[in-house]
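S.K.: Got a structure for you, questions after.
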Amino acid sequence: TLEEAGQLVGVSKATVSRYETQAGPVKWIVVDALCREYGATDAEREAVVRLAKDAKQQGWWSSFADSIPESMNLLLTLEDEAVREDHFSCVYVPGLLQTRAYSTALQKANEIPLEPTEIERLVDIRMKRQEILT
């Protein structure tokens, strides 16, 4: 039970429930202890603990938080974790393959006029996204 698991590792049943339902942050040391109590193999335990440690790391885009819409967080998270992308476009060069000059020209041609500083910031974000390719 949640209560028994919590007692085994010294946390409340509510904490174990939050861990199992992904309803909040986790402490890797508790995750490690739970894995040991649940009888996970060393490889399984190490993989889960690594995930718990990595969960605290924010994506590179957090430094641009003031200029990236909240709706892009999911895209950037998925893109950051992707190992492959399939894309077809007959109208424009996909964002991850755009040069700085091309991206700047697209932003300048935007229907909604943008300030030069905003254009530069958006292009910087696009160029930063491309680093995932290397």
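We label chains A, B, ... in the order they appear in the structure tokens, count residues from 1 in each chain, and number ligands from 1 in the order shown.
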List as a list in words the protein and nucleic acid residues near Ile125 (chain A), meaning an atom at most 10 Å away when only C-alpha atoms are counted, but skip any in the same chain fewer than 4 places from it.
M.R.: Trp60, Trp61, Phe64, Ser67, Ile68, Ile119, Glu120, Arg121, Arg129 and Gln130 of chain A
S.K.: Quick one: write out the picked residues with C-alpha atoms as a JSON list (two decimals), in the first residue's frame?
M.R.:
```json
[["chain", "number", "residue", "atom", "x", "y", "z"],
["A", 60, "TRP", "CA", 17.81, 25.84, -22.50],
["A", 61, "TRP", "CA", 14.81, 28.03, -23.32],
["A", 64, "PHE", "CA", 14.37, 33.19, -22.84],
["A", 67, "SER", "CA", 9.93, 36.19, -24.81],
["A", 68, "ILE", "CA", 8.78, 32.61, -25.44],
["A", 119, "ILE", "CA", 13.19, 40.22, -34.37],
["A", 120, "GLU", "CA", 16.75, 39.68, -33.16],
["A", 121, "ARG", "CA", 15.51, 37.93, -30.01],
["A", 129, "ARG", "CA", 17.04, 25.63, -31.13],
["A", 130, "GLN", "CA", 19.30, 24.49, -33.96]]
```
S.K.: I'd like the interatomic distance between CA of Asp124 (chain A) and CA of Leu97 (chain A), to a tenth of an Å.
M.R.: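 Computing it gives 13.7 Å between the two atoms.
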S.K.: If you run DSSP on the backbone, which residues of region 11-42 of chain A are alpha helix (DSSP H), as a PyMOL selection string?
M.R.: chain A and resi 13-21+28-38+42
S.K.: Please produce an output containing C-alpha atoms for each residue in the selection, written as an mmCIF file, in the first residue's frame.
M.R.:
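Output below, filename result01.cif:
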```cif
data_model
loop_
_atom_site.group_PDB
_atom_site.id
_atom_site.type_symbol
_atom_site.label_atom_id
_atom_site.label_comp_id
_atom_site.auth_asym_id
_atom_site.auth_seq_id
_atom_site.Cartn_x
_atom_site.Cartn_y
_atom_site.Cartn_z
ATOM 1 C CA LYS A 13 1.633 7.991 1.938
ATOM 2 C CA ALA A 14 0.677 11.310 0.303
ATOM 3 C CA THR A 15 4.276 11.738 -0.873
ATOM 4 C CA VAL A 16 4.343 8.242 -2.367
ATOM 5 C CA SER A 17 1.015 8.959 -4.060
ATOM 6 C CA ARG A 18 2.385 12.215 -5.545
ATOM 7 C CA TYR A 19 5.428 10.338 -6.857
ATOM 8 C CA GLU A 20 3.296 7.629 -8.441
ATOM 9 C CA THR A 21 0.855 10.076 -10.046
ATOM 10 C CA TRP A 28 15.989 11.314 -6.171
ATOM 11 C CA ILE A 29 17.047 9.847 -2.827
ATOM 12 C CA VAL A 30 13.447 8.846 -2.074
ATOM 13 C CA VAL A 31 13.065 7.437 -5.591
ATOM 14 C CA ASP A 32 16.212 5.391 -5.032
ATOM 15 C CA ALA A 33 14.891 4.056 -1.724
ATOM 16 C CA LEU A 34 11.506 3.188 -3.236
ATOM 17 C CA CYS A 35 13.179 1.334 -6.106
ATOM 18 C CA ARG A 36 15.212 -0.694 -3.636
ATOM 19 C CA GLU A 37 12.111 -1.542 -1.575
ATOM 20 C CA TYR A 38 10.133 -2.440 -4.722
ATOM 21 C CA ASP A 42 20.226 -2.054 -10.363
#
```
S.K.: Residues at most 12 Å from Lys108 (chain A), counting only C-alpha atoms, excluding those fewer than 5 positions away in the same chain, as an mmCIF file with N, CA and C atoms, in the first residue's frame?
M.R.:
```cif
data_model
loop_
_atom_site.group_PDB
_atom_site.id
_atom_site.type_symbol
_atom_site.label_atom_id
_atom_site.label_comp_id
_atom_site.auth_asym_id
_atom_site.auth_seq_id
_atom_site.Cartn_x
_atom_site.Cartn_y
_atom_site.Cartn_z
ATOM 1 N N ALA A 101 20.155 34.683 -41.616
ATOM 2 C CA ALA A 101 19.642 35.679 -42.570
ATOM 3 C C ALA A 101 18.225 35.323 -43.033
ATOM 4 N N TYR A 102 17.983 34.050 -43.305
ATOM 5 C CA TYR A 102 16.665 33.604 -43.761
ATOM 6 C C TYR A 102 15.626 33.829 -42.661
ATOM 7 N N SER A 103 15.960 33.431 -41.447
ATOM 8 C CA SER A 103 15.052 33.595 -40.325
ATOM 9 C C SER A 103 14.753 35.076 -40.065
ATOM 10 N N PRO A 113 4.072 43.876 -37.646
ATOM 11 C CA PRO A 113 5.412 44.476 -37.577
ATOM 12 C C PRO A 113 6.032 44.295 -36.188
ATOM 13 N N LEU A 114 7.292 43.920 -36.190
ATOM 14 C CA LEU A 114 8.018 43.721 -34.937
ATOM 15 C C LEU A 114 9.170 44.706 -34.840
ATOM 16 N N GLU A 115 9.510 45.045 -33.622
ATOM 17 C CA GLU A 115 10.663 45.900 -33.380
ATOM 18 C C GLU A 115 11.934 45.134 -33.730
ATOM 19 N N PRO A 116 12.975 45.824 -34.196
ATOM 20 C CA PRO A 116 14.230 45.135 -34.521
ATOM 21 C C PRO A 116 14.790 44.300 -33.371
ATOM 22 N N THR A 117 14.645 44.783 -32.151
ATOM 23 C CA THR A 117 15.152 44.016 -31.005
ATOM 24 C C THR A 117 14.357 42.726 -30.815
ATOM 25 N N GLU A 118 13.044 42.780 -31.075
ATOM 26 C CA GLU A 118 12.209 41.585 -30.953
ATOM 27 C C GLU A 118 12.551 40.586 -32.058
ATOM 28 N N ILE A 119 12.790 41.082 -33.254
ATOM 29 C CA ILE A 119 13.194 40.216 -34.367
ATOM 30 C C ILE A 119 14.500 39.509 -34.017
ATOM 31 N N GLU A 120 15.452 40.267 -33.514
ATOM 32 C CA GLU A 120 16.747 39.680 -33.160
ATOM 33 C C GLU A 120 16.591 38.621 -32.070
ATOM 34 N N LEU A 122 13.897 36.754 -31.430
ATOM 35 C CA LEU A 122 13.259 35.571 -32.006
ATOM 36 C C LEU A 122 14.232 34.772 -32.869
ATOM 37 N N VAL A 123 15.075 35.471 -33.598
ATOM 38 C CA VAL A 123 16.083 34.790 -34.424
ATOM 39 C C VAL A 123 17.111 34.105 -33.530
#
```
S.K.: Between CA of Gly95 (chain A) and CA of Leu78 (chain A), what is the distance, to one decimal in Å?
M.R.: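 Taking CA of Gly95 (chain A) and CA of Leu78 (chain A), their separation equals 14.9 Å.
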S.K.: Work out how far apart CA of Ala55 (chain A) and CA of His87 (chain A) are and give it in Å to one decimal.
M.R.: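 According to the coordinates, CA of Ala55 (chain A) and CA of His87 (chain A) are separated by 28.4 Å.
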